[in-house]
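Structure first, commentary second.
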Amino acid sequence: MTLIFQVICALFSGIMSALSMPNEIFHFGSPVIAFFALVPLYLAVKKAKSYKVCALLFAIDALATHLLSSYWLANFKDFAIFTLGASAFGTACIEAMAACLFFFPFAGTEPGLKIGGKKRCMEAFRPLHFAAVRVAYEWAKSTGFLAYPWGVLSMGAFNDKALLQSADIFGTYGITFLMAFFAACAAEFALTFNKFNFSLKNSFQNAKFDLICHAKCLVLCLILIFAYGTFKLNQKSPVQKVLNAVLVQQNMDPWASDDDLESIAKSIALSKKGLEEFEAMGKKADLVVWSEAVLRYAIPHSLGRYNYVPPEESLFSFIESAGVPFVIGGPYINRSNDGEDKKMYNAALVFDNAAALRGYYAKSHLVPFAEVIPFVEYDFVKNAMERLVGFSNGWNPGKRIVLFDFKAQASPESDQPIIHDLTKDAAEEAAKSLAARTAIPICFEDAFPDTCGPFHQAGAELFLNITDDSWSKTKSAEWQHFVVAAFRAVEYRTTLARSTNAGFTAVVDDKGRVLQSIPLFEDGYLCAQIPIYQRRSTIYSEYGNWFAGLVIFLVFAIAFFKALELRPPKLRDLIIEELLKIEF
């Protein structure tokens with residue numbers, strides 16, 4: 001296989017990977033394409049003769065996937081140099097490093113492991129190793145300050161709800177592993193039964209035996225995963241409470257104006273329609289939710305302003321007349337005791353039915369370089385950012401986990417008793433039991449288990465996301481964010497509701513199914529009847545990314561044992577001898 005053909009294969013894998021993810025053709029992605037997306041890449045890297053070639057092929061795959069699926073990052077105003085350029089370069093570098101991990105066990109003339117005198121040929125485990133390295137790559141790009149959990153194979157699984165259910169055990173990485181292993185086995189099948197292998201009888205028999213072993217393992221995994229998924233989909237989830245919420249999608253360009261009068265006025269008009277619709281259904285709304293960054297003036301300093309604006313009907317006058325709590329995205333300033341040190345947060349502001357500010361949640365996971373600039377306290381960094389994008393100040397990250405209790409309605413399915421003639425204490429206890437304990441992740445925080453996990457552990461019964469992706473100006477960006485976030489509902493078996501500027505405003509149940517939604521880039525509101533399920537733990541909620549951790553440990557363990565082969569034999573034998581003495 002020539003280098004040019006290998007490059008074409010890697011490029012084709014990148015194109016297929018991007019096509020498998022949510023896009024303008026397949027709105028929620030394509031599981032079928034996702035399963036076959038890495039076949040060309042595996043064919044190419046199996047024939048790689050050096051680290052350099054292997055790293056090049058992996059990097060090409062990463063670049064093609066990122067640029068074709070996340071091209072909309074270029075619309076982030078003057079930050080495209082970071083949002084698209086730097087992220088593409090970083091993604092390619094991470095996958096190139098993963099390529100070295102993949103190639104290392106097969107480097108040299110006699111790849112293999114010798115443990116206790118038994119030879120374990122690494123060649124037989126290449127498909128599994130390929131899948132494991134893919135998991136390591138996706139974990140590395142989705143973790144830490146620069147984390148970007150877009151462009152991953154699991155994004156293509158959303159339409160396969162049976163496959164999706166395994167996320168409550170393995171997270172997204174189990175799905176990635178299964179897809180990568182399937183692609184590697186499919187590629188091995190093509191290589192084993194091509195006409196050239198029949199001329200080498202012994203080689204063909206060995207390859208055929210390995211392929212049969214891979215196929216058995218793959219089929220077993222597929223049967224178990226889909227059987228579990230089918231069981232979970234048919235398992236009834238008890239609905240304990242229902243939160244009637246008006247989710248507003250105002251569809252405003254956040255960069256068209258520095259003022260918020262128009263966005264507030266439009267949100268008020270849409271909210272009124274939603275409240276009236278609930279009333280027409282004979283129901284009362286429990287909550288109204290507006291998207292991220294609707295307010296432009298910092299709270300609490302500007303509380304007085306919203307008593308008078310918009311001039312037609314002020315924000316706070318409307319909240320009082322509506323008589324329900326509101327969640328609104330906007331800036332919040334927190335001053336130190338001496339009044340000198342002030343910090344500004346991208347926040348979810350919660351107002352009660354009398355328009356009094358009852359609390360806020362400050363976004364903790366900020367967008368790197370767009371919302372937070374590392375080392376900006378140094379003048380040379382500040383000056384460089386001013387020259388590059390005309391921006392050198394950012395938000396401060398929030399440090400606290402904050403949950404809110406909103407009054408909900410008893411579900412008809414609930415087994416809670418109906419109580420009459422309550423004493424005061426009993427009434428308060430009953431009201432508390434009907435409260436929907438809510439976490440409000442902001443913007444892309446709903447894409448991160450590291451953010452949503454602590455919310456769930458603190459007692460959250462509902463993830464209520466407010467976000468504004470309208471700057472992307474593309475539908476694929478909205479669908480991609482939604483699909484990445486929807487995994488949180490399955491991982492924690494917790495409802496996810498989203499109120500967005502331009503989309504995707506929706507309610508997702510604990511199995512990842514869309515219950516209600518609004519079309520993208522349209523003015524609208526959703527009279528959402530959000531189910532609150534009985535809280536329960538999952539393997540994933542208890543142990544997090546245990547599967548990714550195990551797989552990454554095995555990848556480095558293989559690299560370690562391969563490295564021992566390259567060391568003087570005495571040292572290798574001594575270490576292995578000591579390892580074999582360990583009793584489990």
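How things are named: the first chain in the structure tokens is A, the next is B, and so on; residues count from 1 in each chain; ligands count from 1 in the order shown.
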
For A:Leu366, work out the shell of residues within 10 Å, counting only C-alpha atoms and skipping chain neighbours fewer than 2 positions away, then give it as a VMD selection string. chain A and resid 145 to 146 345 to 346 363 to 364 368 to 373 394 to 398 442 to 445

For the residues in that selection, give me N, CA and C atoms as a PDB file, in the first residue's frame.
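Written out: part-v9.pdb:
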ATOM      1  N   PHE A 145      -8.666  21.486  30.760  1.00  0.00           N
ATOM      2  CA  PHE A 145      -8.972  22.891  30.460  1.00  0.00           C
ATOM      3  C   PHE A 145      -9.374  23.089  29.001  1.00  0.00           C
ATOM      4  N   LEU A 146      -8.697  22.405  28.072  1.00  0.00           N
ATOM      5  CA  LEU A 146      -8.960  22.570  26.640  1.00  0.00           C
ATOM      6  C   LEU A 146      -9.952  21.530  26.112  1.00  0.00           C
ATOM      7  N   TYR A 345     -19.327  36.886  36.630  1.00  0.00           N
ATOM      8  CA  TYR A 345     -19.628  35.518  36.263  1.00  0.00           C
ATOM      9  C   TYR A 345     -20.681  35.466  35.162  1.00  0.00           C
ATOM     10  N   ASN A 346     -20.569  34.448  34.320  1.00  0.00           N
ATOM     11  CA  ASN A 346     -21.647  34.091  33.406  1.00  0.00           C
ATOM     12  C   ASN A 346     -22.606  33.238  34.236  1.00  0.00           C
ATOM     13  N   LYS A 363     -21.280  29.876  36.096  1.00  0.00           N
ATOM     14  CA  LYS A 363     -20.684  28.867  35.212  1.00  0.00           C
ATOM     15  C   LYS A 363     -19.256  28.561  35.651  1.00  0.00           C
ATOM     16  N   SER A 364     -18.947  27.273  35.814  1.00  0.00           N
ATOM     17  CA  SER A 364     -17.626  26.884  36.313  1.00  0.00           C
ATOM     18  C   SER A 364     -16.687  26.418  35.205  1.00  0.00           C
ATOM     19  N   PRO A 368     -12.334  27.993  26.855  1.00  0.00           N
ATOM     20  CA  PRO A 368     -10.962  28.508  26.870  1.00  0.00           C
ATOM     21  C   PRO A 368     -10.718  29.532  25.764  1.00  0.00           C
ATOM     22  N   PHE A 369     -10.048  30.616  26.129  1.00  0.00           N
ATOM     23  CA  PHE A 369      -9.656  31.721  25.244  1.00  0.00           C
ATOM     24  C   PHE A 369     -10.826  32.610  24.825  1.00  0.00           C
ATOM     25  N   ALA A 370     -12.049  32.093  24.855  1.00  0.00           N
ATOM     26  CA  ALA A 370     -13.210  32.928  24.525  1.00  0.00           C
ATOM     27  C   ALA A 370     -13.839  33.511  25.781  1.00  0.00           C
ATOM     28  N   GLU A 371     -13.942  32.701  26.851  1.00  0.00           N
ATOM     29  CA  GLU A 371     -14.515  33.189  28.108  1.00  0.00           C
ATOM     30  C   GLU A 371     -13.451  33.360  29.188  1.00  0.00           C
ATOM     31  N   VAL A 372     -12.392  32.624  29.099  1.00  0.00           N
ATOM     32  CA  VAL A 372     -11.310  32.724  30.083  1.00  0.00           C
ATOM     33  C   VAL A 372      -9.977  32.625  29.352  1.00  0.00           C
ATOM     34  N   ILE A 373      -9.050  33.486  29.731  1.00  0.00           N
ATOM     35  CA  ILE A 373      -7.729  33.530  29.091  1.00  0.00           C
ATOM     36  C   ILE A 373      -6.676  33.138  30.121  1.00  0.00           C
ATOM     37  N   GLY A 394     -11.966  38.335  30.708  1.00  0.00           N
ATOM     38  CA  GLY A 394     -12.917  37.246  30.596  1.00  0.00           C
ATOM     39  C   GLY A 394     -13.762  37.099  31.835  1.00  0.00           C
ATOM     40  N   TRP A 395     -14.547  36.028  31.853  1.00  0.00           N
ATOM     41  CA  TRP A 395     -15.360  35.714  33.006  1.00  0.00           C
ATOM     42  C   TRP A 395     -14.497  35.043  34.070  1.00  0.00           C
ATOM     43  N   ASN A 396     -15.004  35.047  35.274  1.00  0.00           N
ATOM     44  CA  ASN A 396     -14.390  34.258  36.338  1.00  0.00           C
ATOM     45  C   ASN A 396     -15.147  32.943  36.475  1.00  0.00           C
ATOM     46  N   PRO A 397     -14.458  31.842  36.718  1.00  0.00           N
ATOM     47  CA  PRO A 397     -15.170  30.565  36.894  1.00  0.00           C
ATOM     48  C   PRO A 397     -15.837  30.482  38.255  1.00  0.00           C
ATOM     49  N   GLY A 398     -17.050  29.972  38.285  1.00  0.00           N
ATOM     50  CA  GLY A 398     -17.729  29.742  39.553  1.00  0.00           C
ATOM     51  C   GLY A 398     -17.081  28.586  40.297  1.00  0.00           C
ATOM     52  N   ILE A 442     -24.704  25.737  32.355  1.00  0.00           N
ATOM     53  CA  ILE A 442     -24.778  26.847  31.398  1.00  0.00           C
ATOM     54  C   ILE A 442     -23.927  26.542  30.172  1.00  0.00           C
ATOM     55  N   CYS A 443     -24.456  26.893  29.009  1.00  0.00           N
ATOM     56  CA  CYS A 443     -23.724  26.752  27.752  1.00  0.00           C
ATOM     57  C   CYS A 443     -23.297  25.296  27.562  1.00  0.00           C
ATOM     58  N   PHE A 444     -22.016  25.054  27.282  1.00  0.00           N
ATOM     59  CA  PHE A 444     -21.604  23.683  26.964  1.00  0.00           C
ATOM     60  C   PHE A 444     -21.274  22.853  28.198  1.00  0.00           C
ATOM     61  N   GLU A 445     -21.632  23.328  29.384  1.00  0.00           N
ATOM     62  CA  GLU A 445     -21.407  22.534  30.597  1.00  0.00           C
ATOM     63  C   GLU A 445     -22.191  21.223  30.579  1.00  0.00           C
TER      64      GLU A 445
END

Proximity check stretch 463-519 of chain A to stretch 210-230 of chain A, 12 Å, nearest pairs one decimal Å, only C-alpha atoms, as a Markdown table:
| residue | atom | partner | partner_atom | distance |
| --- | --- | --- | --- | --- |
| A:Val490 | CA | A:Gly229 | CA | 11.0 |
| A:Lys511 | CA | A:Gly229 | CA | 9.5 |
| A:Gly512 | CA | A:Gly229 | CA | 11.6 |

Using DSSP secondary structure from the backbone, list all helix (DSSP H, G or I) positions within stretch 65-288 of chain A, as an MDAnalysis selection string. chainID A and resid 65:69 71:75 77:106 122:141 153:157 161:164 167:170 172:192 197:199 201:234 261:280

May I have the residues from that selection written out with C-alpha atoms, as a compact mmCIF listing (two decimals), in the first residue's frame?
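part.txt written:
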# COMPACT_ATOMS: atom_id res chain seq x y z
CA THR A 65 -13.09 15.00 11.12
CA HIS A 66 -12.66 18.22 13.06
CA LEU A 67 -12.72 20.64 10.13
CA LEU A 68 -15.67 18.96 8.43
CA SER A 69 -17.79 18.53 11.56
CA TYR A 71 -16.32 24.11 10.73
CA TRP A 72 -18.91 26.39 12.36
CA LEU A 73 -16.35 27.31 15.03
CA ALA A 74 -15.02 29.80 12.48
CA ASN A 75 -18.16 31.89 13.09
CA LYS A 77 -16.43 36.36 15.78
CA ASP A 78 -12.69 37.19 15.85
CA PHE A 79 -11.82 34.06 17.83
CA ALA A 80 -11.67 31.66 14.86
CA ILE A 81 -7.88 31.53 15.25
CA PHE A 82 -8.48 29.77 18.58
CA THR A 83 -11.91 28.15 18.24
CA LEU A 84 -11.20 26.49 14.88
CA GLY A 85 -7.50 26.92 14.14
CA ALA A 86 -5.99 26.05 17.52
CA SER A 87 -8.58 23.35 18.26
CA ALA A 88 -7.90 21.65 14.90
CA PHE A 89 -4.15 21.74 15.50
CA GLY A 90 -4.52 20.47 19.07
CA THR A 91 -6.86 17.65 18.03
CA ALA A 92 -4.42 16.53 15.32
CA CYS A 93 -1.53 16.55 17.83
CA ILE A 94 -3.48 14.45 20.34
CA GLU A 95 -4.41 11.85 17.72
CA ALA A 96 -0.82 11.80 16.45
CA MET A 97 0.33 10.95 19.99
CA ALA A 98 -2.32 8.24 20.13
CA ALA A 99 -0.84 6.89 16.90
CA CYS A 100 2.50 6.39 18.63
CA LEU A 101 0.76 4.38 21.36
CA PHE A 102 -0.91 2.28 18.67
CA PHE A 103 2.28 1.68 16.68
CA PHE A 104 4.66 1.07 19.60
CA PRO A 105 3.69 -2.57 20.44
CA PHE A 106 4.14 -3.56 16.78
CA MET A 122 0.37 -8.65 20.01
CA GLU A 123 -0.54 -9.06 16.34
CA ALA A 124 -3.56 -11.15 17.36
CA PHE A 125 -4.84 -8.31 19.55
CA ARG A 126 -4.37 -5.46 17.07
CA PRO A 127 -8.13 -4.76 16.56
CA LEU A 128 -8.73 -4.57 20.31
CA HIS A 129 -5.65 -2.41 20.72
CA PHE A 130 -6.90 -0.09 17.95
CA ALA A 131 -10.24 0.34 19.76
CA ALA A 132 -8.49 0.93 23.08
CA VAL A 133 -6.22 3.61 21.61
CA ARG A 134 -9.26 5.31 20.07
CA VAL A 135 -10.83 5.50 23.54
CA ALA A 136 -7.60 6.94 24.95
CA TYR A 137 -7.56 9.60 22.20
CA GLU A 138 -11.19 10.64 22.73
CA TRP A 139 -10.72 10.78 26.50
CA ALA A 140 -7.62 12.99 26.11
CA LYS A 141 -9.42 15.46 23.81
CA LEU A 153 -17.51 8.46 17.38
CA SER A 154 -20.25 8.09 19.98
CA MET A 155 -21.98 11.20 18.59
CA GLY A 156 -23.21 9.00 15.74
CA ALA A 157 -25.07 6.66 18.13
CA LYS A 161 -31.53 4.12 21.31
CA ALA A 162 -30.71 0.51 22.27
CA LEU A 163 -27.00 1.20 21.87
CA LEU A 164 -27.39 4.49 23.74
CA ALA A 167 -23.97 4.84 28.57
CA ASP A 168 -25.29 4.35 32.11
CA ILE A 169 -22.54 1.73 32.55
CA PHE A 170 -19.65 2.74 30.29
CA THR A 172 -19.73 7.38 25.86
CA TYR A 173 -16.42 5.51 25.75
CA GLY A 174 -18.01 2.07 25.69
CA ILE A 175 -19.86 3.06 22.51
CA THR A 176 -16.66 4.42 20.98
CA PHE A 177 -14.80 1.20 21.83
CA LEU A 178 -17.52 -0.97 20.27
CA MET A 179 -17.60 1.09 17.07
CA ALA A 180 -13.82 1.16 16.69
CA PHE A 181 -13.53 -2.59 17.40
CA PHE A 182 -16.26 -3.29 14.81
CA ALA A 183 -14.41 -1.21 12.20
CA ALA A 184 -11.11 -2.97 12.94
CA CYS A 185 -12.74 -6.41 12.61
CA ALA A 186 -14.41 -5.40 9.35
CA ALA A 187 -11.03 -4.24 8.03
CA GLU A 188 -9.35 -7.48 9.16
CA PHE A 189 -12.05 -9.45 7.33
CA ALA A 190 -11.29 -7.54 4.12
CA LEU A 191 -7.55 -8.11 4.54
CA THR A 192 -7.81 -11.79 5.46
CA ASN A 197 -3.43 -14.22 1.38
CA PHE A 198 -4.48 -17.49 -0.22
CA SER A 199 -1.01 -17.94 -1.69
CA LYS A 201 -1.36 -21.01 3.40
CA ASN A 202 0.12 -20.81 6.91
CA SER A 203 -0.24 -17.05 7.11
CA PHE A 204 -3.82 -17.28 5.89
CA GLN A 205 -4.73 -19.96 8.45
CA ASN A 206 -3.28 -17.88 11.31
CA ALA A 207 -5.09 -14.75 10.17
CA LYS A 208 -8.33 -16.70 9.73
CA PHE A 209 -8.06 -18.10 13.27
CA ASP A 210 -7.46 -14.61 14.70
CA LEU A 211 -10.39 -13.24 12.74
CA ILE A 212 -12.74 -15.94 14.04
CA CYS A 213 -11.69 -15.08 17.62
CA HIS A 214 -12.28 -11.37 16.96
CA ALA A 215 -15.66 -12.09 15.37
CA LYS A 216 -16.80 -14.18 18.35
CA CYS A 217 -15.75 -11.45 20.77
CA LEU A 218 -17.45 -8.75 18.70
CA VAL A 219 -20.70 -10.69 18.29
CA LEU A 220 -20.81 -11.40 22.03
CA CYS A 221 -20.31 -7.68 22.80
CA LEU A 222 -23.01 -6.66 20.32
CA ILE A 223 -25.51 -9.19 21.69
CA LEU A 224 -24.91 -8.14 25.29
CA ILE A 225 -25.04 -4.40 24.55
CA PHE A 226 -28.19 -4.55 22.44
CA ALA A 227 -29.92 -6.99 24.79
CA TYR A 228 -29.20 -4.65 27.70
CA GLY A 229 -30.38 -1.66 25.67
CA THR A 230 -33.62 -3.37 24.66
CA PHE A 231 -34.28 -4.34 28.28
CA LYS A 232 -33.69 -0.77 29.49
CA LEU A 233 -35.88 0.75 26.79
CA ASN A 234 -38.77 -1.48 27.85
CA LEU A 261 -34.17 45.73 25.40
CA GLU A 262 -35.26 43.87 22.27
CA SER A 263 -34.34 40.40 23.55
CA ILE A 264 -36.18 41.01 26.84
CA ALA A 265 -39.27 42.38 25.09
CA LYS A 266 -39.34 39.43 22.71
CA SER A 267 -38.85 36.94 25.55
CA ILE A 268 -41.69 38.54 27.50
CA ALA A 269 -44.04 38.25 24.52
CA LEU A 270 -43.18 34.56 24.00
CA SER A 271 -43.47 33.85 27.73
CA LYS A 272 -46.97 35.34 27.82
CA LYS A 273 -48.07 33.02 25.03
CA GLY A 274 -46.64 30.04 26.87
CA LEU A 275 -48.35 30.98 30.16
CA GLU A 276 -51.64 31.49 28.35
CA GLU A 277 -51.32 28.10 26.66
CA PHE A 278 -50.77 26.38 30.00
CA GLU A 279 -53.83 28.19 31.35
CA ALA A 280 -55.87 27.04 28.35

Please, which residues of stretch 195-386 of chain A, numbered as in this document, come out strand (DSSP E or B) from DSSP, as a PDB file with N, CA and C atoms, in the first residue's frame?
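File produced: part-v7.pdb:
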ATOM      1  N   VAL A 239     -42.384   8.086  37.194  1.00  0.00           N
ATOM      2  CA  VAL A 239     -42.368   9.550  37.211  1.00  0.00           C
ATOM      3  C   VAL A 239     -42.940  10.006  38.548  1.00  0.00           C
ATOM      4  N   GLN A 240     -42.123  10.663  39.356  1.00  0.00           N
ATOM      5  CA  GLN A 240     -42.554  11.079  40.683  1.00  0.00           C
ATOM      6  C   GLN A 240     -43.248  12.438  40.665  1.00  0.00           C
ATOM      7  N   LYS A 241     -42.744  13.330  39.808  1.00  0.00           N
ATOM      8  CA  LYS A 241     -43.262  14.702  39.759  1.00  0.00           C
ATOM      9  C   LYS A 241     -43.234  15.200  38.319  1.00  0.00           C
ATOM     10  N   VAL A 242     -43.970  16.253  38.064  1.00  0.00           N
ATOM     11  CA  VAL A 242     -43.960  16.906  36.754  1.00  0.00           C
ATOM     12  C   VAL A 242     -43.759  18.398  36.975  1.00  0.00           C
ATOM     13  N   LEU A 243     -42.781  18.954  36.281  1.00  0.00           N
ATOM     14  CA  LEU A 243     -42.525  20.394  36.356  1.00  0.00           C
ATOM     15  C   LEU A 243     -43.050  21.045  35.086  1.00  0.00           C
ATOM     16  N   ASN A 244     -44.070  21.889  35.235  1.00  0.00           N
ATOM     17  CA  ASN A 244     -44.626  22.596  34.075  1.00  0.00           C
ATOM     18  C   ASN A 244     -43.811  23.861  33.832  1.00  0.00           C
ATOM     19  N   ALA A 245     -43.057  23.877  32.742  1.00  0.00           N
ATOM     20  CA  ALA A 245     -42.148  24.992  32.485  1.00  0.00           C
ATOM     21  C   ALA A 245     -42.347  25.545  31.082  1.00  0.00           C
ATOM     22  N   VAL A 246     -42.274  26.869  30.978  1.00  0.00           N
ATOM     23  CA  VAL A 246     -42.271  27.531  29.675  1.00  0.00           C
ATOM     24  C   VAL A 246     -40.816  27.762  29.293  1.00  0.00           C
ATOM     25  N   LEU A 247     -40.347  27.050  28.263  1.00  0.00           N
ATOM     26  CA  LEU A 247     -38.975  27.194  27.777  1.00  0.00           C
ATOM     27  C   LEU A 247     -38.994  28.116  26.568  1.00  0.00           C
ATOM     28  N   VAL A 248     -38.306  29.244  26.666  1.00  0.00           N
ATOM     29  CA  VAL A 248     -38.399  30.294  25.642  1.00  0.00           C
ATOM     30  C   VAL A 248     -37.200  30.234  24.707  1.00  0.00           C
ATOM     31  N   GLN A 249     -37.468  30.305  23.415  1.00  0.00           N
ATOM     32  CA  GLN A 249     -36.423  30.352  22.381  1.00  0.00           C
ATOM     33  C   GLN A 249     -36.638  31.628  21.570  1.00  0.00           C
ATOM     34  N   LEU A 287     -42.679  27.359  36.231  1.00  0.00           N
ATOM     35  CA  LEU A 287     -41.381  27.994  35.971  1.00  0.00           C
ATOM     36  C   LEU A 287     -41.345  28.523  34.547  1.00  0.00           C
ATOM     37  N   VAL A 288     -40.635  29.650  34.363  1.00  0.00           N
ATOM     38  CA  VAL A 288     -40.344  30.170  33.020  1.00  0.00           C
ATOM     39  C   VAL A 288     -38.821  30.247  32.887  1.00  0.00           C
ATOM     40  N   VAL A 289     -38.300  29.761  31.759  1.00  0.00           N
ATOM     41  CA  VAL A 289     -36.849  29.694  31.571  1.00  0.00           C
ATOM     42  C   VAL A 289     -36.446  30.424  30.292  1.00  0.00           C
ATOM     43  N   ILE A 299     -26.003  41.934  37.343  1.00  0.00           N
ATOM     44  CA  ILE A 299     -26.772  41.858  38.587  1.00  0.00           C
ATOM     45  C   ILE A 299     -25.761  41.639  39.723  1.00  0.00           C
ATOM     46  N   PHE A 326     -38.631  32.638  37.646  1.00  0.00           N
ATOM     47  CA  PHE A 326     -37.970  32.746  36.344  1.00  0.00           C
ATOM     48  C   PHE A 326     -36.501  32.355  36.482  1.00  0.00           C
ATOM     49  N   VAL A 327     -35.983  31.681  35.471  1.00  0.00           N
ATOM     50  CA  VAL A 327     -34.545  31.454  35.325  1.00  0.00           C
ATOM     51  C   VAL A 327     -34.108  32.230  34.090  1.00  0.00           C
ATOM     52  N   ILE A 328     -33.136  33.142  34.268  1.00  0.00           N
ATOM     53  CA  ILE A 328     -32.694  34.008  33.167  1.00  0.00           C
ATOM     54  C   ILE A 328     -31.170  34.052  33.154  1.00  0.00           C
ATOM     55  N   GLY A 329     -30.590  33.890  31.983  1.00  0.00           N
ATOM     56  CA  GLY A 329     -29.142  33.983  31.861  1.00  0.00           C
ATOM     57  C   GLY A 329     -28.678  35.418  31.810  1.00  0.00           C
ATOM     58  N   GLY A 330     -27.612  35.721  32.558  1.00  0.00           N
ATOM     59  CA  GLY A 330     -27.076  37.082  32.570  1.00  0.00           C
ATOM     60  C   GLY A 330     -25.817  37.167  33.415  1.00  0.00           C
ATOM     61  N   PRO A 331     -25.120  38.301  33.385  1.00  0.00           N
ATOM     62  CA  PRO A 331     -23.892  38.456  34.179  1.00  0.00           C
ATOM     63  C   PRO A 331     -24.190  38.754  35.641  1.00  0.00           C
ATOM     64  N   TYR A 332     -23.319  38.279  36.493  1.00  0.00           N
ATOM     65  CA  TYR A 332     -23.447  38.544  37.928  1.00  0.00           C
ATOM     66  C   TYR A 332     -22.093  39.010  38.446  1.00  0.00           C
ATOM     67  N   ILE A 333     -22.099  40.092  39.231  1.00  0.00           N
ATOM     68  CA  ILE A 333     -20.862  40.621  39.809  1.00  0.00           C
ATOM     69  C   ILE A 333     -20.872  40.383  41.311  1.00  0.00           C
ATOM     70  N   ASN A 334     -19.794  39.801  41.792  1.00  0.00           N
ATOM     71  CA  ASN A 334     -19.648  39.544  43.219  1.00  0.00           C
ATOM     72  C   ASN A 334     -18.465  40.354  43.734  1.00  0.00           C
ATOM     73  N   ARG A 335     -18.718  41.249  44.663  1.00  0.00           N
ATOM     74  CA  ARG A 335     -17.656  42.089  45.210  1.00  0.00           C
ATOM     75  C   ARG A 335     -17.116  41.491  46.507  1.00  0.00           C
ATOM     76  N   LYS A 342     -13.599  42.704  42.495  1.00  0.00           N
ATOM     77  CA  LYS A 342     -14.892  42.256  41.977  1.00  0.00           C
ATOM     78  C   LYS A 342     -14.678  41.185  40.906  1.00  0.00           C
ATOM     79  N   LYS A 343     -15.581  40.225  40.882  1.00  0.00           N
ATOM     80  CA  LYS A 343     -15.513  39.142  39.919  1.00  0.00           C
ATOM     81  C   LYS A 343     -16.827  39.068  39.160  1.00  0.00           C
ATOM     82  N   MET A 344     -16.712  38.876  37.851  1.00  0.00           N
ATOM     83  CA  MET A 344     -17.905  38.795  37.017  1.00  0.00           C
ATOM     84  C   MET A 344     -18.081  37.365  36.518  1.00  0.00           C
ATOM     85  N   TYR A 345     -19.327  36.886  36.630  1.00  0.00           N
ATOM     86  CA  TYR A 345     -19.628  35.518  36.263  1.00  0.00           C
ATOM     87  C   TYR A 345     -20.681  35.466  35.162  1.00  0.00           C
ATOM     88  N   ASN A 346     -20.569  34.448  34.320  1.00  0.00           N
ATOM     89  CA  ASN A 346     -21.647  34.091  33.406  1.00  0.00           C
ATOM     90  C   ASN A 346     -22.606  33.238  34.236  1.00  0.00           C
ATOM     91  N   ALA A 347     -23.813  33.750  34.498  1.00  0.00           N
ATOM     92  CA  ALA A 347     -24.642  33.137  35.530  1.00  0.00           C
ATOM     93  C   ALA A 347     -26.050  32.807  35.057  1.00  0.00           C
ATOM     94  N   ALA A 348     -26.647  31.862  35.794  1.00  0.00           N
ATOM     95  CA  ALA A 348     -28.084  31.609  35.717  1.00  0.00           C
ATOM     96  C   ALA A 348     -28.708  32.290  36.916  1.00  0.00           C
ATOM     97  N   LEU A 349     -29.549  33.286  36.669  1.00  0.00           N
ATOM     98  CA  LEU A 349     -30.158  34.093  37.728  1.00  0.00           C
ATOM     99  C   LEU A 349     -31.572  33.586  37.992  1.00  0.00           C
ATOM    100  N   VAL A 350     -31.881  33.365  39.249  1.00  0.00           N
ATOM    101  CA  VAL A 350     -33.203  32.823  39.617  1.00  0.00           C
ATOM    102  C   VAL A 350     -33.986  33.880  40.388  1.00  0.00           C
ATOM    103  N   PHE A 351     -35.156  34.253  39.841  1.00  0.00           N
ATOM    104  CA  PHE A 351     -36.055  35.227  40.473  1.00  0.00           C
ATOM    105  C   PHE A 351     -37.313  34.504  40.927  1.00  0.00           C
ATOM    106  N   LEU A 357     -34.500  38.497  43.509  1.00  0.00           N
ATOM    107  CA  LEU A 357     -33.395  37.603  43.173  1.00  0.00           C
ATOM    108  C   LEU A 357     -33.178  36.628  44.328  1.00  0.00           C
ATOM    109  N   ARG A 358     -33.332  35.344  44.051  1.00  0.00           N
ATOM    110  CA  ARG A 358     -33.225  34.340  45.099  1.00  0.00           C
ATOM    111  C   ARG A 358     -31.896  33.583  45.064  1.00  0.00           C
ATOM    112  N   GLY A 359     -31.157  33.735  44.013  1.00  0.00           N
ATOM    113  CA  GLY A 359     -29.867  33.051  43.950  1.00  0.00           C
ATOM    114  C   GLY A 359     -29.339  33.024  42.531  1.00  0.00           C
ATOM    115  N   TYR A 360     -28.134  32.525  42.396  1.00  0.00           N
ATOM    116  CA  TYR A 360     -27.531  32.415  41.071  1.00  0.00           C
ATOM    117  C   TYR A 360     -26.575  31.234  41.061  1.00  0.00           C
ATOM    118  N   TYR A 361     -26.375  30.697  39.875  1.00  0.00           N
ATOM    119  CA  TYR A 361     -25.327  29.696  39.664  1.00  0.00           C
ATOM    120  C   TYR A 361     -24.332  30.282  38.678  1.00  0.00           C
ATOM    121  N   ALA A 362     -23.055  30.283  39.043  1.00  0.00           N
ATOM    122  CA  ALA A 362     -22.005  30.829  38.180  1.00  0.00           C
ATOM    123  C   ALA A 362     -21.353  29.703  37.389  1.00  0.00           C
ATOM    124  N   PRO A 368     -12.334  27.993  26.855  1.00  0.00           N
ATOM    125  CA  PRO A 368     -10.962  28.508  26.870  1.00  0.00           C
ATOM    126  C   PRO A 368     -10.718  29.532  25.764  1.00  0.00           C
ATOM    127  N   VAL A 372     -12.392  32.624  29.099  1.00  0.00           N
ATOM    128  CA  VAL A 372     -11.310  32.724  30.083  1.00  0.00           C
ATOM    129  C   VAL A 372      -9.977  32.625  29.352  1.00  0.00           C
TER     130      VAL A 372
END

A:Asn545 surroundings by only C-alpha atoms, 8 Å radius, close-in-sequence under 2 positions cut, as a list in words: Phe170, Gly171, Tyr173, Tyr540, Tyr543, Phe547, Ala548 and Gly549 of chain A

Determine the nearest neighbour of A:Asp253 from the options A:Tyr308, A:Tyr297, A:Phe482, A:Trp471, counting only C-alpha atoms.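 Closest residue, counting only C-alpha atoms: A:Trp471.
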